[in-house]
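Notes to accompany the following structure.
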Amino acid sequence: MHALSSTTRRCALALGAAALAAPGLALAQLGDKPLRIILPLSAGSGADGAIRAISSSLSKALGQPVVIENLPGAGGITGTTQLVRAPKDGSVIGVVSNNHVVNPSVYKNIPFDSIEDITPITIIGATPFVLVVHPSVPAKNVKELIALAKAKPGVLNYGSSGNGTILHLGAAMFVDQAQLDIKHIPYKGMGPLMNDILGGQVQLGVVAVAPAAAHIKAGALRALGVSTATRVPTLPDVPTIAEQGLPRYELDGWIAAVAPAGIPKAELVRLHSGFKNALAMPEARDALIAQGYEIRLTAPETSTAFMRSELARMAQVVKNANVSMD
């Protein structure tokens with residue numbers, strides 16, 4: 001038996017290392033790059049949990065490793081700036097949330113165009129919100145809360161995960177449409193907000209259904225209304241805010257996969273197909289649903305139209321709520 005040449009040995013070692021690094025994956029040809037997913041949000045956020053829940057299935061569907069990189073800061077602007085400047089070859093994409101279309105109306109200077117500088121791949125899914133109060137608040141439904149707030153203007157307060165975040169705008173939409181005088185207390189993230197609503201330091205807020213559901217069922221929070229157009233399976237007995245006197249109220253927390261503008265059509269098709277095939281896998285679907293998301297999976301053109309409409313809608317919400325940041 002002849003000894004292997006040094007070149008052959010190096011190739012064999014490289015192939016072996018690749019197999020050990022990603023067992024079970026249908027790896028792309030040696031030399032192909034992994035798919036880098038920029039997440040302009042912090043680890044532990046809803047979007048972070050969702051994309052990590054389906055990353056293994058996405059890797060299998062695309063036939064290449066998937067690497068997720070959290071680049072939080074400035075409401076998502078920091079990470080998205082890196083995304084729009086990334087190579088336009090399909091090797092780098094991002095996962096963005098509502099903040100992507102809120103930020104242009106909240107921040108004065110953004111170094112990219114939220115629509116023109118990205119190419120939407122798909123809306124992955126959306127999660128509902130719920131208006132909750134601490135049990136000490138004497139309101140059992142939306143109408144009673146509105147009556148209480150109008151009887152005591154400036155006395156109640158609501159918390160949010162931060163100025164200009166979707167949870168802030170969700171509550172601000174409620175205050176604006178009901179024409180109430182309620183103080184806003186911004187927090188640095190969902191965790192501190194939930195802790196203070198549970199502790200009664202903040203009386204109410206609009207929060208994601210998934211992390212709030214257990215507290216609602218335990219009686220630690222009282223759910224007054226869900227934010228979506230229809231009731232949600234997790235809280236079947238909680239009516240929508242819209243059906244309780246605010247018919248224009250509708251909001252959910254969506255996440256979308258996007259690429260830098262200028263990505264080749266073939267790569268866009270490949271990536272969309274990858275998400276479609278990944279979300280057809282039971283393990284990915286179940287994982288996303290467990291995170292509280294309804295799967296959407298829209299075509300790139302539909303995703304672009306949706307994001308444009310959301311940009312305009314959120315601009316009006318921000319204007320009505322008088323939210324701005326330097």
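Residues in the structure tokens are numbered from 1 in each chain, the chains being A, B, ... in the order shown, and ligands are numbered from 1 in the order shown.
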Shell around region 79-87 of chain A at 12 Å using only C-alpha atoms, local window under 4 positions removed, as a PyMOL selection string = chain A and resi 33+35-42+68-75+91-97+99-101+103+110-120+257-264
Could you write out, as a ChimeraX atom specification, all the residues of region 142-216 of chain A that DSSP marks as strand (DSSP E or B)?
-> /A:157-160,183-186,204-208
Okay, now the selection with N, CA, C and O atoms, as a PDB file, in the first residue's frame?
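Printed below is again_7.pdb as written:
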ATOM      1  N   ASN A 157     -49.877  54.278  35.063  1.00  0.00           N
ATOM      2  CA  ASN A 157     -48.674  54.264  34.239  1.00  0.00           C
ATOM      3  C   ASN A 157     -48.543  52.931  33.523  1.00  0.00           C
ATOM      4  O   ASN A 157     -49.066  51.912  33.970  1.00  0.00           O
ATOM      5  N   TYR A 158     -47.886  52.966  32.384  1.00  0.00           N
ATOM      6  CA  TYR A 158     -47.605  51.732  31.654  1.00  0.00           C
ATOM      7  C   TYR A 158     -46.110  51.631  31.384  1.00  0.00           C
ATOM      8  O   TYR A 158     -45.418  52.634  31.216  1.00  0.00           O
ATOM      9  N   GLY A 159     -45.618  50.399  31.375  1.00  0.00           N
ATOM     10  CA  GLY A 159     -44.204  50.165  31.112  1.00  0.00           C
ATOM     11  C   GLY A 159     -43.991  49.634  29.711  1.00  0.00           C
ATOM     12  O   GLY A 159     -44.914  49.145  29.062  1.00  0.00           O
ATOM     13  N   SER A 160     -42.754  49.762  29.244  1.00  0.00           N
ATOM     14  CA  SER A 160     -42.386  49.201  27.939  1.00  0.00           C
ATOM     15  C   SER A 160     -40.958  48.681  28.008  1.00  0.00           C
ATOM     16  O   SER A 160     -40.237  48.937  28.986  1.00  0.00           O
ATOM     17  N   LYS A 183     -49.105  57.667  31.983  1.00  0.00           N
ATOM     18  CA  LYS A 183     -47.665  57.905  31.938  1.00  0.00           C
ATOM     19  C   LYS A 183     -46.916  56.694  31.387  1.00  0.00           C
ATOM     20  O   LYS A 183     -47.285  55.543  31.660  1.00  0.00           O
ATOM     21  N   HIS A 184     -45.837  56.958  30.658  1.00  0.00           N
ATOM     22  CA  HIS A 184     -44.987  55.902  30.103  1.00  0.00           C
ATOM     23  C   HIS A 184     -43.709  55.782  30.917  1.00  0.00           C
ATOM     24  O   HIS A 184     -43.031  56.765  31.192  1.00  0.00           O
ATOM     25  N   ILE A 185     -43.369  54.538  31.297  1.00  0.00           N
ATOM     26  CA  ILE A 185     -42.115  54.261  32.003  1.00  0.00           C
ATOM     27  C   ILE A 185     -41.311  53.269  31.161  1.00  0.00           C
ATOM     28  O   ILE A 185     -41.672  52.086  31.071  1.00  0.00           O
ATOM     29  N   PRO A 186     -40.236  53.712  30.495  1.00  0.00           N
ATOM     30  CA  PRO A 186     -39.436  52.813  29.663  1.00  0.00           C
ATOM     31  C   PRO A 186     -38.444  51.988  30.489  1.00  0.00           C
ATOM     32  O   PRO A 186     -37.867  52.487  31.460  1.00  0.00           O
ATOM     33  N   LEU A 204     -49.565  48.534  34.136  1.00  0.00           N
ATOM     34  CA  LEU A 204     -49.996  47.823  32.931  1.00  0.00           C
ATOM     35  C   LEU A 204     -48.933  47.894  31.840  1.00  0.00           C
ATOM     36  O   LEU A 204     -47.959  48.640  31.940  1.00  0.00           O
ATOM     37  N   GLY A 205     -49.150  47.096  30.800  1.00  0.00           N
ATOM     38  CA  GLY A 205     -48.231  47.087  29.664  1.00  0.00           C
ATOM     39  C   GLY A 205     -48.729  46.147  28.590  1.00  0.00           C
ATOM     40  O   GLY A 205     -49.601  45.305  28.826  1.00  0.00           O
ATOM     41  N   VAL A 206     -48.195  46.310  27.406  1.00  0.00           N
ATOM     42  CA  VAL A 206     -48.444  45.388  26.299  1.00  0.00           C
ATOM     43  C   VAL A 206     -47.203  44.516  26.173  1.00  0.00           C
ATOM     44  O   VAL A 206     -46.096  45.026  25.963  1.00  0.00           O
ATOM     45  N   VAL A 207     -47.375  43.205  26.325  1.00  0.00           N
ATOM     46  CA  VAL A 207     -46.240  42.275  26.342  1.00  0.00           C
ATOM     47  C   VAL A 207     -46.530  41.094  25.415  1.00  0.00           C
ATOM     48  O   VAL A 207     -47.669  40.866  25.008  1.00  0.00           O
ATOM     49  N   ALA A 208     -45.488  40.340  25.097  1.00  0.00           N
ATOM     50  CA  ALA A 208     -45.655  39.150  24.255  1.00  0.00           C
ATOM     51  C   ALA A 208     -46.454  38.090  25.005  1.00  0.00           C
ATOM     52  O   ALA A 208     -46.280  37.902  26.217  1.00  0.00           O
TER      53      ALA A 208
END
With a distance cut-off of 8 Å and only C-alpha atoms, select the neighbouring residues of region 307-313 of chain A, excluding the residue or stretch itself and same-chain residues fewer than 3 positions from it, and output the selection as a PyMOL selection string.
-> chain A and resi 101-102+115+303-304+316-317
Name the closest residue to Val142 (chain A) among the candidates A:Gly46, A:Pro239, A:Pro233, A:Gly154; distances are taken between atoms, counting only C-alpha atoms.
->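 Closest to Val142 (chain A), using only C-alpha atoms: A:Pro239.
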Name the residues of region 95-310 of chain A that come out as helix (DSSP H, G or I) in a backbone DSSP run; write them as a PyMOL selection string.
-> chain A and resi 99-106+142-151+166-178+190-199+209-218+242-244+265-279+282-290+300-310
Taking only C-alpha atoms into account, which of A:Leu235, A:Leu288, A:Glu294, A:Ala321 comes nearest Gly49 (chain A)?
->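 Closest candidate: A:Leu288.
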Leaving out Thr122 (chain A) and any residue of its chain fewer than 3 positions from it, which residues lie within 9 Å of it when counting only C-alpha atoms, given as an MDAnalysis selection string?
-> chainID A and resid 125 255:258 272 275:276 296:304
File of the preceding selection, N, CA and C atoms, as an mmCIF file, in the first residue's frame:
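As a result, part.cif now contains:
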data_model
loop_
_atom_site.group_PDB
_atom_site.id
_atom_site.type_symbol
_atom_site.label_atom_id
_atom_site.label_comp_id
_atom_site.auth_asym_id
_atom_site.auth_seq_id
_atom_site.Cartn_x
_atom_site.Cartn_y
_atom_site.Cartn_z
ATOM 1 N N GLY A 125 -42.506 34.594 10.673
ATOM 2 C CA GLY A 125 -43.647 34.347 11.544
ATOM 3 C C GLY A 125 -43.977 35.570 12.371
ATOM 4 N N ILE A 255 -41.134 38.688 12.561
ATOM 5 C CA ILE A 255 -39.711 38.603 12.233
ATOM 6 C C ILE A 255 -39.586 38.222 10.764
ATOM 7 N N ALA A 256 -38.552 38.746 10.118
ATOM 8 C CA ALA A 256 -38.358 38.514 8.692
ATOM 9 C C ALA A 256 -36.897 38.226 8.392
ATOM 10 N N ALA A 257 -36.678 37.354 7.424
ATOM 11 C CA ALA A 257 -35.324 37.112 6.908
ATOM 12 C C ALA A 257 -35.092 38.057 5.746
ATOM 13 N N VAL A 258 -33.978 38.769 5.779
ATOM 14 C CA VAL A 258 -33.661 39.735 4.724
ATOM 15 C C VAL A 258 -32.205 39.573 4.307
ATOM 16 N N HIS A 272 -34.913 31.569 -0.106
ATOM 17 C CA HIS A 272 -36.344 31.441 0.184
ATOM 18 C C HIS A 272 -36.745 29.971 0.214
ATOM 19 N N PHE A 275 -35.725 28.413 3.565
ATOM 20 C CA PHE A 275 -36.660 28.675 4.663
ATOM 21 C C PHE A 275 -37.956 27.883 4.478
ATOM 22 N N LYS A 276 -38.425 27.801 3.242
ATOM 23 C CA LYS A 276 -39.660 27.056 2.970
ATOM 24 C C LYS A 276 -39.500 25.586 3.339
ATOM 25 N N ARG A 296 -45.638 32.232 8.953
ATOM 26 C CA ARG A 296 -46.210 32.983 7.828
ATOM 27 C C ARG A 296 -45.629 32.559 6.489
ATOM 28 N N LEU A 297 -44.316 32.603 6.333
ATOM 29 C CA LEU A 297 -43.614 32.179 5.119
ATOM 30 C C LEU A 297 -44.186 32.836 3.858
ATOM 31 N N THR A 298 -43.865 34.093 3.664
ATOM 32 C CA THR A 298 -44.344 34.834 2.506
ATOM 33 C C THR A 298 -43.289 34.882 1.403
ATOM 34 N N ALA A 299 -43.722 35.110 0.179
ATOM 35 C CA ALA A 299 -42.814 35.259 -0.953
ATOM 36 C C ALA A 299 -42.045 36.565 -0.821
ATOM 37 N N PRO A 300 -40.865 36.679 -1.456
ATOM 38 C CA PRO A 300 -40.085 37.925 -1.356
ATOM 39 C C PRO A 300 -40.878 39.169 -1.755
ATOM 40 N N GLU A 301 -41.640 39.094 -2.845
ATOM 41 C CA GLU A 301 -42.402 40.260 -3.297
ATOM 42 C C GLU A 301 -43.480 40.647 -2.278
ATOM 43 N N THR A 302 -44.150 39.660 -1.727
ATOM 44 C CA THR A 302 -45.178 39.903 -0.710
ATOM 45 C C THR A 302 -44.547 40.489 0.549
ATOM 46 N N SER A 303 -43.362 39.994 0.893
ATOM 47 C CA SER A 303 -42.651 40.480 2.075
ATOM 48 C C SER A 303 -42.280 41.944 1.916
ATOM 49 N N THR A 304 -41.841 42.324 0.718
ATOM 50 C CA THR A 304 -41.475 43.720 0.459
ATOM 51 C C THR A 304 -42.690 44.634 0.593
#
